[in-house]
$ cat structure-v4.cif   # mmCIF, C-alpha atoms (C1' of nucleotides)
data_input
#
loop_
_atom_site.label_atom_id
_atom_site.label_comp_id
_atom_site.auth_asym_id
_atom_site.auth_seq_id
_atom_site.Cartn_x
_atom_site.Cartn_y
_atom_site.Cartn_z
CA MET A 1 48.14 28.26 38.23
CA ALA A 2 45.84 30.93 37.07
CA LEU A 3 44.32 33.26 39.58
CA GLY A 4 41.16 32.36 37.83
CA LYS A 5 42.28 29.51 39.98
CA ASP A 6 39.06 28.04 41.15
CA TYR A 7 38.30 24.55 40.07
CA SER A 8 34.78 25.64 40.83
CA THR A 9 32.95 22.79 39.22
CA GLN A 10 34.84 20.30 41.35
CA GLN A 11 33.06 18.76 44.29
CA CYS A 12 36.29 17.56 45.72
CA SER A 13 38.62 18.24 48.60
CA ILE A 14 41.60 17.59 46.34
CA ALA A 15 40.48 20.41 44.09
CA ARG A 16 39.91 22.65 47.11
CA ALA A 17 43.43 21.88 48.29
CA LEU A 18 44.92 22.58 44.89
CA GLU A 19 43.21 25.94 44.73
CA ILE A 20 45.38 26.89 47.68
CA VAL A 21 48.65 25.05 47.20
CA GLY A 22 48.44 24.17 43.53
CA GLU A 23 49.79 27.38 42.05
CA ARG A 24 53.21 27.57 40.57
CA TRP A 25 55.95 27.98 43.24
CA THR A 26 53.59 27.62 46.18
CA LEU A 27 54.59 24.13 47.27
CA LEU A 28 58.25 24.99 46.84
CA VAL A 29 57.80 27.89 49.21
CA VAL A 30 56.19 25.49 51.67
CA ARG A 31 59.03 23.01 51.18
CA ASP A 32 61.58 25.70 51.95
CA ALA A 33 59.61 26.65 55.03
CA PHE A 34 59.94 23.04 56.23
CA TYR A 35 63.65 23.30 55.58
CA GLY A 36 63.83 26.28 57.91
CA VAL A 37 63.77 29.17 55.45
CA ARG A 38 61.86 32.10 56.93
CA ARG A 39 63.01 35.35 55.33
CA TYR A 40 61.93 36.98 52.11
CA ASN A 41 65.41 37.25 50.73
CA ASP A 42 66.27 33.67 51.62
CA PHE A 43 63.23 32.32 49.81
CA LEU A 44 64.14 34.57 46.92
CA SER A 45 67.70 33.44 46.48
CA HIS A 46 67.05 29.79 47.18
CA LEU A 47 64.04 29.48 44.87
CA GLY A 48 65.01 31.82 42.08
CA VAL A 49 61.40 32.99 41.94
CA PRO A 50 60.57 36.47 40.63
CA ARG A 51 60.16 38.91 43.49
CA ALA A 52 56.61 39.84 42.57
CA VAL A 53 55.52 36.21 42.50
CA LEU A 54 57.12 35.51 45.87
CA ALA A 55 55.34 38.46 47.43
CA THR A 56 52.02 37.26 46.03
CA ARG A 57 52.53 33.70 47.23
CA LEU A 58 53.60 34.70 50.71
CA LYS A 59 50.52 36.84 50.96
CA SER A 60 48.13 34.12 49.84
CA LEU A 61 49.80 31.49 52.01
CA GLU A 62 49.39 33.83 54.93
CA GLN A 63 45.73 34.40 54.09
CA ALA A 64 45.19 30.67 53.81
CA GLY A 65 46.59 30.25 57.30
CA ILE A 66 49.54 28.18 56.14
CA LEU A 67 52.24 30.71 56.93
CA GLU A 68 52.25 33.17 59.77
CA LYS A 69 54.02 36.49 59.37
CA ARG A 70 55.71 37.48 62.56
CA ARG A 71 57.82 40.45 63.52
CA TYR A 72 61.27 39.44 64.63
CA GLN A 73 62.71 42.92 65.06
CA GLU A 74 61.48 46.47 65.22
CA SER A 75 63.42 49.26 63.60
CA PRO A 76 63.84 48.50 60.90
CA PRO A 77 60.69 46.41 61.03
CA ARG A 78 61.43 42.92 59.81
CA ASP A 79 59.09 39.96 59.51
CA GLU A 80 59.62 36.27 59.05
CA TYR A 81 57.26 33.68 57.68
CA VAL A 82 56.72 30.54 59.72
CA LEU A 83 54.55 27.50 59.07
CA THR A 84 51.40 27.24 61.16
CA GLU A 85 49.96 23.92 62.28
CA ARG A 86 47.87 23.93 59.13
CA GLY A 87 51.01 24.43 57.11
CA ILE A 88 52.85 21.71 58.98
CA ALA A 89 49.96 19.41 58.12
CA LEU A 90 51.09 19.67 54.51
CA TRP A 91 54.13 17.55 55.28
CA PRO A 92 52.65 14.32 53.88
CA VAL A 93 51.97 16.12 50.61
CA VAL A 94 55.50 17.47 50.36
CA ARG A 95 56.99 14.18 51.45
CA SER A 96 55.01 12.02 49.04
CA LEU A 97 55.85 14.30 46.12
CA GLY A 98 59.52 14.02 46.96
CA VAL A 99 59.37 10.25 47.21
CA TRP A 100 57.55 9.95 43.92
CA GLY A 101 60.03 12.27 42.20
CA ARG A 102 62.97 10.30 43.47
CA GLU A 103 61.54 6.90 42.60
CA HIS A 104 59.76 7.60 39.36
CA ILE A 105 61.67 10.20 37.43
CA GLU A 106 64.62 8.78 35.61
CA GLY A 107 67.99 10.10 36.56
CA VAL A 108 66.93 11.56 39.86
CA LEU A 109 69.25 10.64 42.70
CA PRO A 110 68.26 11.21 46.29
CA MET A 111 68.96 14.85 47.00
CA ARG A 112 68.00 14.77 50.63
CA VAL A 113 67.43 11.92 53.04
CA PHE A 114 64.83 12.14 55.79
CA THR A 115 65.09 10.07 58.91
CA HIS A 116 63.20 9.65 62.14
CA ALA A 117 65.45 11.55 64.51
CA ALA A 118 64.59 9.29 67.42
CA CYS A 119 65.74 6.08 65.77
CA GLY A 120 67.61 7.09 62.63
CA THR A 121 65.38 5.08 60.28
CA GLU A 122 64.70 6.53 56.86
CA LEU A 123 61.09 7.61 56.41
CA GLY A 124 58.55 5.77 54.24
CA SER A 125 56.49 7.22 51.40
CA TYR A 126 54.00 9.03 53.56
CA GLY A 127 56.53 10.24 56.09
CA GLU A 128 55.97 7.41 58.52
CA CYS A 129 58.74 5.56 60.32
CA PRO A 130 58.82 1.95 59.13
CA ALA A 131 60.68 0.85 62.24
CA CYS A 132 58.44 2.49 64.81
CA GLY A 133 55.29 2.09 62.76
CA THR A 134 54.11 5.60 63.54
CA ALA A 135 53.66 8.83 61.64
CA VAL A 136 56.64 11.05 62.33
CA PRO A 137 55.76 14.70 62.92
CA PRO A 138 58.04 17.01 60.92
CA ARG A 139 59.66 18.35 64.08
CA ASP A 140 61.06 14.88 64.69
CA VAL A 141 62.44 14.53 61.20
CA GLU A 142 66.12 14.87 60.52
CA MET A 143 67.18 15.95 57.05
CA LEU A 144 70.55 14.94 55.62
CA PRO A 145 72.16 15.72 52.28
CA GLY A 146 71.88 12.86 49.79
CA ARG A 147 74.18 11.51 47.10
CA GLY A 148 72.52 13.45 44.30
CA LEU A 149 73.00 16.84 45.89
CA ASP A 150 75.38 19.07 44.02
CA PRO A 151 75.54 22.19 46.12
CA ASP A 152 75.71 25.71 44.82
CA PRO A 153 78.49 27.34 46.82
CA ASP A 154 77.24 30.81 45.95
CA ASN A 155 73.95 30.40 47.73
CA PRO A 156 73.97 30.96 51.50
CA VAL A 157 70.71 29.08 51.97
CA GLY A 158 71.98 26.14 49.97
CA ARG A 159 75.14 26.13 52.08
CA ALA A 160 73.16 26.16 55.30
CA LEU A 161 71.15 23.16 54.11
CA LEU A 162 74.23 20.99 53.65
CA ALA A 163 74.50 20.14 57.31
CA PRO A 164 72.12 17.64 58.89
CA ARG A 165 69.21 19.53 60.39
CA ARG A 166 65.86 19.18 62.05
CA LEU A 167 62.97 20.25 59.90
CA LEU A 168 61.32 23.55 60.82
CA LEU A 169 64.26 24.88 62.78
CA PRO A 170 65.32 28.24 61.35
CA ILE A 171 68.40 28.21 59.17
CA GLU A 172 71.45 30.22 60.06
CA THR A 173 72.73 31.87 56.95
CA ASP A 174 76.29 33.01 57.30
CA ARG A 175 75.55 35.91 55.03
CA VAL A 176 78.51 37.36 53.18
CA MET B 1 52.01 26.09 35.92
CA ALA B 2 53.84 27.84 33.24
CA LEU B 3 55.39 25.84 30.46
CA GLY B 4 58.43 27.86 31.24
CA LYS B 5 57.88 25.18 33.80
CA ASP B 6 61.31 24.19 34.84
CA TYR B 7 62.30 24.92 38.35
CA SER B 8 65.75 24.57 36.94
CA THR B 9 67.71 26.02 39.80
CA GLN B 10 66.18 23.50 42.15
CA GLN B 11 68.31 20.57 43.23
CA CYS B 12 65.29 18.75 44.51
CA SER B 13 63.12 15.77 43.69
CA ILE B 14 60.05 17.70 44.81
CA ALA B 15 60.77 20.32 42.19
CA ARG B 16 61.36 17.61 39.59
CA ALA B 17 58.02 16.05 40.50
CA LEU B 18 56.23 19.38 40.30
CA GLU B 19 57.63 20.03 36.85
CA ILE B 20 55.61 17.01 35.75
CA VAL B 21 52.49 16.99 37.89
CA GLY B 22 52.47 20.57 39.15
CA GLU B 23 50.79 22.24 36.23
CA ARG B 24 47.25 23.42 36.46
CA TRP B 25 44.71 20.59 35.98
CA THR B 26 47.30 17.83 35.85
CA LEU B 27 46.68 16.33 39.27
CA LEU B 28 42.94 16.52 38.75
CA VAL B 29 43.33 14.50 35.58
CA VAL B 30 45.32 11.95 37.57
CA ARG B 31 42.68 11.93 40.30
CA ASP B 32 39.97 11.22 37.75
CA ALA B 33 42.09 8.44 36.33
CA PHE B 34 42.15 6.86 39.79
CA TYR B 35 38.39 7.19 39.89
CA GLY B 36 38.16 5.20 36.68
CA VAL B 37 37.79 7.92 34.08
CA ARG B 38 39.55 6.93 30.87
CA ARG B 39 38.02 8.75 27.91
CA TYR B 40 38.72 12.20 26.57
CA ASN B 41 35.10 13.29 26.71
CA ASP B 42 34.63 11.98 30.21
CA PHE B 43 37.62 13.90 31.52
CA LEU B 44 36.31 16.91 29.66
CA SER B 45 32.83 16.92 31.09
CA HIS B 46 33.84 15.92 34.60
CA LEU B 47 36.67 18.41 34.93
CA GLY B 48 35.31 21.34 32.98
CA VAL B 49 38.78 21.90 31.59
CA PRO B 50 39.22 23.62 28.21
CA ARG B 51 39.65 21.08 25.45
CA ALA B 52 43.03 22.41 24.36
CA VAL B 53 44.40 22.19 27.88
CA LEU B 54 43.14 18.65 28.33
CA ALA B 55 44.78 17.57 25.09
CA THR B 56 48.07 19.13 26.19
CA ARG B 57 47.92 17.54 29.63
CA LEU B 58 47.06 14.08 28.34
CA LYS B 59 49.96 14.34 25.96
CA SER B 60 52.47 15.35 28.60
CA LEU B 61 51.21 12.80 31.10
CA GLU B 62 51.63 10.18 28.42
CA GLN B 63 55.14 11.37 27.67
CA ALA B 64 55.98 11.31 31.35
CA GLY B 65 54.88 7.69 31.49
CA ILE B 66 52.04 8.38 33.90
CA LEU B 67 49.22 7.61 31.52
CA GLU B 68 49.21 5.06 28.77
CA LYS B 69 47.14 5.64 25.65
CA ARG B 70 45.61 2.42 24.46
CA ARG B 71 43.37 1.62 21.57
CA TYR B 72 40.10 0.11 22.71
CA GLN B 73 38.42 -0.05 19.32
CA GLU B 74 39.38 0.28 15.70
CA SER B 75 37.11 1.99 13.28
CA PRO B 76 36.55 4.58 14.34
CA PRO B 77 39.87 4.48 16.16
CA ARG B 78 39.30 5.26 19.82
CA ASP B 79 41.85 5.47 22.59
CA GLU B 80 41.59 5.48 26.33
CA TYR B 81 44.06 6.76 28.88
CA VAL B 82 45.00 4.45 31.71
CA LEU B 83 47.35 4.96 34.64
CA THR B 84 50.65 3.14 34.43
CA GLU B 85 52.45 1.80 37.48
CA ARG B 86 54.29 5.10 37.65
CA GLY B 87 50.96 6.88 37.62
CA ILE B 88 49.50 4.59 40.28
CA ALA B 89 52.51 5.46 42.42
CA LEU B 90 51.08 8.96 42.63
CA TRP B 91 48.32 7.70 44.91
CA PRO B 92 49.99 8.92 48.10
CA VAL B 93 50.20 12.41 46.62
CA VAL B 94 46.56 12.46 45.61
CA ARG B 95 45.44 10.90 48.86
CA SER B 96 47.43 13.24 51.10
CA LEU B 97 46.16 16.28 49.24
CA GLY B 98 42.60 15.10 49.72
CA VAL B 99 43.11 14.47 53.41
CA TRP B 100 44.67 17.87 53.91
CA GLY B 101 41.87 19.58 52.02
CA ARG B 102 39.21 17.86 54.06
CA GLU B 103 40.86 18.50 57.41
CA HIS B 104 42.34 21.93 56.93
CA ILE B 105 40.05 23.96 54.71
CA GLU B 106 37.09 25.35 56.56
CA GLY B 107 33.71 24.25 55.39
CA VAL B 108 34.88 21.23 53.48
CA LEU B 109 32.86 18.12 54.24
CA PRO B 110 34.05 14.68 53.20
CA MET B 111 33.12 14.33 49.57
CA ARG B 112 34.31 10.80 49.17
CA VAL B 113 35.23 8.14 51.68
CA PHE B 114 37.96 5.62 51.00
CA THR B 115 38.01 2.23 52.66
CA HIS B 116 40.14 -0.87 52.56
CA ALA B 117 38.02 -3.16 50.40
CA ALA B 118 39.19 -6.29 52.21
CA CYS B 119 37.97 -5.20 55.63
CA GLY B 120 35.82 -2.12 55.11
CA THR B 121 37.90 0.08 57.41
CA GLU B 122 38.25 3.71 56.43
CA LEU B 123 41.77 4.61 55.36
CA GLY B 124 44.01 6.62 57.66
CA SER B 125 45.63 9.92 56.77
CA TYR B 126 48.52 8.15 55.20
CA GLY B 127 46.43 5.84 53.04
CA GLU B 128 47.07 2.94 55.35
CA CYS B 129 44.45 0.65 56.82
CA PRO B 130 44.34 1.27 60.58
CA ALA B 131 42.84 -2.16 61.19
CA CYS B 132 45.27 -4.20 59.11
CA GLY B 133 48.21 -1.92 59.73
CA THR B 134 49.38 -2.00 56.14
CA ALA B 135 49.57 0.42 53.27
CA VAL B 136 46.64 -0.22 50.95
CA PRO B 137 47.42 -0.24 47.23
CA PRO B 138 44.88 1.78 45.20
CA ARG B 139 43.47 -1.36 43.58
CA ASP B 140 42.31 -2.50 47.01
CA VAL B 141 40.67 0.79 47.84
CA GLU B 142 36.90 1.17 47.77
CA MET B 143 35.52 4.66 47.19
CA LEU B 144 32.12 5.67 48.56
CA PRO B 145 30.24 8.94 48.29
CA GLY B 146 30.55 11.10 51.40
CA ARG B 147 28.17 13.44 53.22
CA GLY B 148 29.49 16.56 51.51
CA LEU B 149 28.87 15.32 48.01
CA ASP B 150 26.16 17.22 46.18
CA PRO B 151 25.90 15.43 42.87
CA ASP B 152 25.35 17.05 39.53
CA PRO B 153 22.62 14.97 37.90
CA ASP B 154 23.52 16.34 34.48
CA ASN B 155 26.96 14.80 34.43
CA PRO B 156 27.19 11.13 33.46
CA VAL B 157 30.63 10.76 35.05
CA GLY B 158 29.42 12.34 38.27
CA ARG B 159 26.46 9.96 38.28
CA ALA B 160 28.68 6.95 37.74
CA LEU B 161 30.83 8.00 40.71
CA LEU B 162 27.89 7.95 43.10
CA ALA B 163 27.96 4.19 43.51
CA PRO B 164 30.65 2.55 45.63
CA ARG B 165 33.51 1.55 43.39
CA ARG B 166 37.01 0.16 43.34
CA LEU B 167 39.65 2.65 42.35
CA LEU B 168 41.12 2.23 38.88
CA LEU B 169 38.24 0.16 37.52
CA PRO B 170 36.80 1.86 34.45
CA ILE B 171 33.56 3.74 34.95
CA GLU B 172 30.44 2.78 33.08
CA THR B 173 28.80 5.93 31.87
CA ASP B 174 25.18 5.39 30.94
CA ARG B 175 25.53 8.01 28.30
CA VAL B 176 22.36 9.75 27.25
"C1'" DC C 1 75.66 65.64 56.66
"C1'" DA C 2 76.29 62.89 52.38
"C1'" DT C 3 77.02 58.21 50.91
"C1'" DG C 4 76.41 53.47 50.66
"C1'" DG C 5 74.23 49.22 51.92
"C1'" DT C 6 70.46 45.99 53.32
"C1'" DG C 7 65.87 43.91 53.70
"C1'" DA C 8 61.55 43.90 51.85
"C1'" DG C 9 58.93 44.90 48.89
"C1'" DT C 10 56.22 47.49 44.22
"C1'" DT C 11 55.97 48.82 39.25
"C1'" DC C 12 56.14 47.85 34.58
"C1'" DG C 13 56.77 46.10 29.79
"C1'" DT C 14 57.32 41.61 27.59
"C1'" DT C 15 56.52 36.90 27.11
"C1'" DC C 16 53.90 32.87 27.78
"C1'" DA C 17 49.79 29.98 29.24
"C1'" DT C 18 44.86 29.51 29.90
"C1'" DT C 19 40.28 30.19 28.35
"C1'" DG C 20 36.14 29.41 25.60
"C1'" DA C 21 34.23 29.31 21.25
"C1'" DA C 22 34.44 27.69 16.75
"C1'" DC C 23 36.06 24.56 13.53
"C1'" DC C 24 37.76 19.96 11.59
"C1'" DT C 25 37.98 14.84 10.85
"C1'" DT C 26 36.73 10.06 10.87
"C1'" DC C 27 33.53 6.85 11.15
"C1'" DA C 28 28.55 4.56 12.04
"C1'" DG C 29 23.76 4.44 11.38
"C1'" DC C 30 19.76 5.66 8.97
"C1'" DG D 1 23.72 12.01 1.52
"C1'" DC D 2 22.77 13.65 6.27
"C1'" DT D 3 23.29 13.51 11.16
"C1'" DG D 4 25.66 12.65 15.24
"C1'" DA D 5 29.44 11.21 18.30
"C1'" DA D 6 34.35 11.01 19.69
"C1'" DG D 7 38.47 13.20 19.77
"C1'" DG D 8 40.77 16.43 18.69
"C1'" DT D 9 43.02 21.55 16.51
"C1'" DT D 10 42.89 26.70 15.76
"C1'" DC D 11 42.25 31.24 17.16
"C1'" DA D 12 41.65 35.82 19.59
"C1'" DA D 13 41.40 37.61 24.16
"C1'" DT D 14 42.73 37.54 28.80
"C1'" DG D 15 45.58 36.87 32.63
"C1'" DA D 16 49.71 35.32 34.93
"C1'" DA D 17 54.85 34.86 35.16
"C1'" DC D 18 59.19 36.88 34.25
"C1'" DG D 19 63.07 39.96 35.10
"C1'" DA D 20 64.84 44.37 35.49
"C1'" DA D 21 64.41 48.67 37.57
"C1'" DC D 22 62.68 51.42 41.10
"C1'" DT D 23 61.07 52.65 46.03
"C1'" DC D 24 61.31 53.11 50.90
"C1'" DA D 25 62.85 52.87 55.65
"C1'" DC D 26 66.49 52.25 58.28
"C1'" DC D 27 71.45 51.66 59.81
"C1'" DA D 28 76.50 52.38 59.44
"C1'" DT D 29 80.46 54.85 57.97
"C1'" DG D 30 83.46 58.84 56.92
#
$ encode --input "structure-v4.cif" --output "C-alpha cells"
Amino acid sequence: MALGKDYSTQQCSIARALEIVGERWTLLVVRDAFYGVRRYNDFLSHLGVPRAVLATRLKSLEQAGILEKRRYQESPPRDEYVLTERGIALWPVVRSLGVWGREHIEGVLPMRVFTHAACGTELGSYGECPACGTAVPPRDVEMLPGRGLDPDPDNPVGRALLAPRRLLLPIETDRV
Amino acid sequence: MALGKDYSTQQCSIARALEIVGERWTLLVVRDAFYGVRRYNDFLSHLGVPRAVLATRLKSLEQAGILEKRRYQESPPRDEYVLTERGIALWPVVRSLGVWGREHIEGVLPMRVFTHAACGTELGSYGECPACGTAVPPRDVEMLPGRGLDPDPDNPVGRALLAPRRLLLPIETDRV
DNA sequence: CATGGTGAGTTCGTTCATTGAACCTTCAGC
DNA sequence: GCTGAAGGTTCAATGAACGAACTCACCATG
C-alpha cells in the first residue's frame, strides 16, 4: 500500500486498521510473528521480502505498538521483534484470512491446522473453539502442518515450522 | 499491494488470500459492498478512490468470484456489483479488522454498531451474537451509526448509511 | 594482526502501481 | 442538436517495491 497510505476520507475503523496493517507484506510479518519468528534474518528468509521493505515494516509495526523490539544480547547488540498485546489482538484477522483462503480459493489445501491445545479441537473461522464454545487466545493454539504443506528443505524457518508448535513461542532454527 | 502481487514463495492460505484481497482499496470496496453499495459512482464518491484504481479492483474482484457484475437495466446498459457467497464469506475478515481498529487504535470511537437483527444484541468480537450464542450471518446483521460517526452531508452514500440498515441490502441514494 | 563470517541493516537504480485530471462513449430528456 | 449522467479509459507525474550491492560492528580463526 502506498505510504500516501491514509484512507483519510474514511470515517471507519476498518480503514484506520488498514492504514496500519494493510500495506503489502505487513500482515505476513505479523503472521510469522504468531508462528514464532522473531529475528530479522528469519523474517527475511521465510518471507522472501526485500530487505529494505522488511526494515520499513518492522519499524512501522513497532511504532504502531504491534511489535516490540527487545534486546536479547549485548555485544554484538542484537534485537528481536515480539508481538505486543495489541499485536496478539490481530489474531482473529490473521485467522479469518487463513480460513477464507483455504475455503474459498480453488486448489488451496490446508497448509496448517490450528487446534485448541487444551482439547485438540480444530478452531472455527474466528479462532474460537467449537467444542468449548470460547475464544481461544493464541497462546493456547497449537499449530500443526497440514496436507497441503510442501516444505522447502533449504529454509531453516520452514523446517522449524514443520513440527507441531504453540503459537508465539520462539522458533529454534538449527542454522547451518 | 503491488501487482507484482504474488507472495509466491509463501506456502500459506493467508498469503493466497492476501494476493486477492490484500491490495490497496480492495477490502474497502468489499466493506462498502457489505454496506449495500453496488454502483460504480457510489463506490467512487464514498471511497474517494481514483477511477482507474476502482475499475481495476472491480475487475479483479469479479474475476476472483467475490463480486458479481449484473445488469440492472438495458439502455443505457448499467451494471451493479454484488457480493457473491464467496464475497459474503469475507465478513469475518472485515468484521475482525473493524473490531481491532476500534479497540486498538487510540482515539477511534465506534463509527458503526452492528447488532443481531433478530434480538438487537450487539455483536461480539467474533461476529457472534452473545445472547443467542451463534454466529450471525451478514444478512441478519443490522448496522447502526455509532457515536464516532461525523457524517459528510455532501455525500449521498454517506447520508444513506446514517439510517439503521441490514447489511447487503442495496442502498437508496437520494441523488441530487 | 589479517581474514572471514554473521546479523542487521542502508543505499541505489530500475521497475511497477497509484494518483488525479482530462477525455471518451452511450443513452435519455428537452 | 444540446446537455447531463453513468461508467468507464488514457496519460503524465509521483511514489513505492524490488533486488543487488554495500556498510558496520562484532566475533572467531590461523
$ residues_around --input "structure-v4.cif" --residues "range 52-64 of chain B" --least-positions-apart "6" --cutoff "10 Å" --atoms "all atoms listed in the file" --output "compact mmCIF listing (two decimals) with C-alpha atoms (C1' of nucleotides), keeping the file's coordinate frame"
# COMPACT_ATOMS: atom_id res chain seq x y z
CA HIS A 104 59.76 7.60 39.36
CA ILE A 105 61.67 10.20 37.43
CA GLU A 106 64.62 8.78 35.61
CA ILE B 20 55.61 17.01 35.75
CA VAL B 21 52.49 16.99 37.89
CA GLU B 23 50.79 22.24 36.23
CA ARG B 24 47.25 23.42 36.46
CA TRP B 25 44.71 20.59 35.98
CA THR B 26 47.30 17.83 35.85
CA LEU B 27 46.68 16.33 39.27
CA VAL B 29 43.33 14.50 35.58
CA VAL B 30 45.32 11.95 37.57
CA TYR B 40 38.72 12.20 26.57
CA ASN B 41 35.10 13.29 26.71
CA PHE B 43 37.62 13.90 31.52
CA LEU B 44 36.31 16.91 29.66
CA TYR B 81 44.06 6.76 28.88
CA VAL B 82 45.00 4.45 31.71
CA LEU B 83 47.35 4.96 34.64
CA THR B 84 50.65 3.14 34.43
CA ARG B 86 54.29 5.10 37.65
CA GLY B 87 50.96 6.88 37.62
C1' DA C 17 49.79 29.98 29.24
C1' DT C 18 44.86 29.51 29.90
C1' DT C 19 40.28 30.19 28.35
C1' DG C 20 36.14 29.41 25.60
C1' DG D 7 38.47 13.20 19.77
C1' DG D 8 40.77 16.43 18.69
C1' DT D 9 43.02 21.55 16.51
C1' DT D 10 42.89 26.70 15.76
$ resolve_selection --input "structure-v4.cif" --expression "the PyMOL selection byres ((chain D) within 12 of (chain A))" --output "PDB file with C-alpha atoms (C1' of nucleotides), keeping the file's coordinate frame"
ATOM      1  C1'  DT D  14      42.730  37.540  28.800  1.00  0.00           C
ATOM      2  C1'  DG D  15      45.580  36.870  32.630  1.00  0.00           C
ATOM      3  C1'  DA D  16      49.710  35.320  34.930  1.00  0.00           C
ATOM      4  C1'  DA D  17      54.850  34.860  35.160  1.00  0.00           C
ATOM      5  C1'  DC D  18      59.190  36.880  34.250  1.00  0.00           C
ATOM      6  C1'  DG D  19      63.070  39.960  35.100  1.00  0.00           C
ATOM      7  C1'  DA D  20      64.840  44.370  35.490  1.00  0.00           C
ATOM      8  C1'  DC D  24      61.310  53.110  50.900  1.00  0.00           C
ATOM      9  C1'  DA D  25      62.850  52.870  55.650  1.00  0.00           C
ATOM     10  C1'  DC D  26      66.490  52.250  58.280  1.00  0.00           C
ATOM     11  C1'  DC D  27      71.450  51.660  59.810  1.00  0.00           C
TER      12       DC D  27
END
$ residues_around --input "structure-v4.cif" --residues "DT3 in chain D" --least-positions-apart "4" --cutoff "12 Å" --atoms "only C-alpha atoms (C1' of nucleotides)" --output "JSON list (two decimals) with C-alpha atoms (C1' of nucleotides), in the frame of the given file"
[["chain", "number", "residue", "atom", "x", "y", "z"],
["C", 28, "DA", "C1'", 28.55, 4.56, 12.04],
["C", 29, "DG", "C1'", 23.76, 4.44, 11.38],
["C", 30, "DC", "C1'", 19.76, 5.66, 8.97]]
$ atom_distance --input "structure-v4.cif" --atom1 "CA of Pro170 in chain B" --atom2 "CA of Leu90 in chain B"
17.9 Å
$ closest_residue --input "structure-v4.cif" --among "A:Arg159, A:Ser125, A:Gly65, A:Pro130" --to "Glu103 in chain A" --atoms "all atoms listed in the file"
A:Ser125
$ resolve_selection --input "structure-v4.cif" --expression "the PyMOL selection byres ((chain D and resi 21) around 9)" --output "short mmCIF file (atom, residue, chain, number, x, y, z; two decimals) with C-alpha atoms (C1' of nucleotides), in the frame of the given file"
data_model
loop_
_atom_site.label_atom_id
_atom_site.label_comp_id
_atom_site.auth_asym_id
_atom_site.auth_seq_id
_atom_site.Cartn_x
_atom_site.Cartn_y
_atom_site.Cartn_z
"C1'" DT C 11 55.97 48.82 39.25
"C1'" DC C 12 56.14 47.85 34.58
"C1'" DA D 20 64.84 44.37 35.49
"C1'" DC D 22 62.68 51.42 41.10
#
$ closest_residue --input "structure-v4.cif" --among "A:Ala15, A:Leu161, A:Met111, A:Leu168" --to "Arg139 in chain A" --atoms "only C-alpha atoms"
A:Leu168
$ closest_residue --input "structure-v4.cif" --among "C:DA2, C:DA8, C:DC16, C:DA22" --to "chain A" --atoms "only C-alpha atoms (C1' of nucleotides)"
C:DA8
$ closest_atom_pairs --input "structure-v4.cif" --of "chain B" --to "chain A" --cutoff "8 Å" --atoms "all atoms listed in the file" --output "Markdown table"
| residue | atom | partner | partner_atom | distance |
| --- | --- | --- | --- | --- |
| B:Met1 | CA | A:Met1 | CA | 5.0 |
| B:Ala2 | CA | A:Arg24 | CA | 7.4 |
| B:Thr9 | CA | A:Gly48 | CA | 6.8 |
| B:Gln10 | CA | A:Leu47 | CA | 6.9 |
| B:Gln11 | CA | A:Leu149 | CA | 6.6 |
| B:Cys12 | CA | A:Met111 | CA | 5.9 |
| B:Ser13 | CA | A:Gly101 | CA | 4.9 |
| B:Ile14 | CA | A:Gly98 | CA | 4.3 |
| B:Ala15 | CA | A:Leu28 | CA | 7.1 |
| B:Arg16 | CA | A:Gly101 | CA | 6.1 |
| B:Ala17 | CA | A:Gly101 | CA | 4.6 |
| B:Leu18 | CA | A:Leu97 | CA | 7.7 |
| B:Gly22 | CA | A:Gly22 | CA | 7.0 |
| B:Glu23 | CA | A:Met1 | CA | 6.9 |
| B:Arg24 | CA | A:Met1 | CA | 5.2 |
| B:Leu28 | CA | A:Ala15 | CA | 7.0 |
| B:Leu47 | CA | A:Gln10 | CA | 6.9 |
| B:Gly48 | CA | A:Thr9 | CA | 6.8 |
| B:Arg86 | CA | A:His104 | CA | 6.3 |
| B:Ala89 | CA | A:Trp100 | CA | 6.9 |
| B:Leu90 | CA | A:Trp100 | CA | 6.7 |
| B:Pro92 | CA | A:Ser96 | CA | 6.0 |
| B:Val93 | CA | A:Ser96 | CA | 5.4 |
| B:Val94 | CA | A:Ile14 | CA | 7.2 |
| B:Ser96 | CA | A:Val93 | CA | 5.4 |
| B:Leu97 | CA | A:Ile14 | CA | 5.6 |
| B:Gly98 | CA | A:Ile14 | CA | 4.3 |
| B:Val99 | CA | A:Ser13 | CA | 7.6 |
| B:Trp100 | CA | A:Leu90 | CA | 6.7 |
| B:Gly101 | CA | A:Ala17 | CA | 4.7 |
| B:Arg102 | CA | A:Ser13 | CA | 5.5 |
| B:His104 | CA | A:Arg86 | CA | 6.3 |
| B:Ile105 | CA | A:Ala17 | CA | 7.5 |
| B:Val108 | CA | A:Ser13 | CA | 6.8 |
| B:Pro110 | CA | A:Ser13 | CA | 7.4 |
| B:Met111 | CA | A:Cys12 | CA | 5.9 |
| B:Arg112 | CA | A:Cys12 | CA | 7.8 |
| B:Tyr126 | CA | A:Tyr126 | CA | 5.8 |
| B:Leu149 | CA | A:Gln11 | CA | 6.6 |
| B:Asp150 | CA | A:Gln11 | CA | 7.3 |
$ atom_distance --input "structure-v4.cif" --atom1 "CA of Pro138 in chain A" --atom2 "CA of Arg71 in chain A"
23.6 Å
$ closest_residue --input "structure-v4.cif" --among "A:Ala118, A:Val113, A:Leu162, A:Gln73" --to "chain C" --atoms "all atoms listed in the file"
A:Gln73
$ atom_distance --input "structure-v4.cif" --atom1 "CA of Thr115 in chain B" --atom2 "CA of Leu144 in chain B"
8.0 Å
$ decode --input "structure-v4.cif" --residues "range 85-96 of chain B" --atoms "C-alpha atoms" --output "mmCIF file, in the first residue's frame"
data_model
loop_
_atom_site.group_PDB
_atom_site.id
_atom_site.type_symbol
_atom_site.label_atom_id
_atom_site.label_comp_id
_atom_site.auth_asym_id
_atom_site.auth_seq_id
_atom_site.Cartn_x
_atom_site.Cartn_y
_atom_site.Cartn_z
ATOM 1 C CA GLU B 85 -21.333 -16.173 -1.482
ATOM 2 C CA ARG B 86 -17.563 -16.225 -1.662
ATOM 3 C CA GLY B 87 -17.554 -12.493 -1.084
ATOM 4 C CA ILE B 88 -20.011 -12.749 1.797
ATOM 5 C CA ALA B 89 -17.656 -15.282 3.352
ATOM 6 C CA LEU B 90 -15.220 -12.412 3.819
ATOM 7 C CA TRP B 91 -17.417 -10.989 6.561
ATOM 8 C CA PRO B 92 -15.278 -12.367 9.392
ATOM 9 C CA VAL B 93 -12.244 -10.656 7.894
ATOM 10 C CA VAL B 94 -13.989 -7.318 7.566
ATOM 11 C CA ARG B 95 -15.601 -7.615 10.969
ATOM 12 C CA SER B 96 -12.416 -8.577 12.809
#
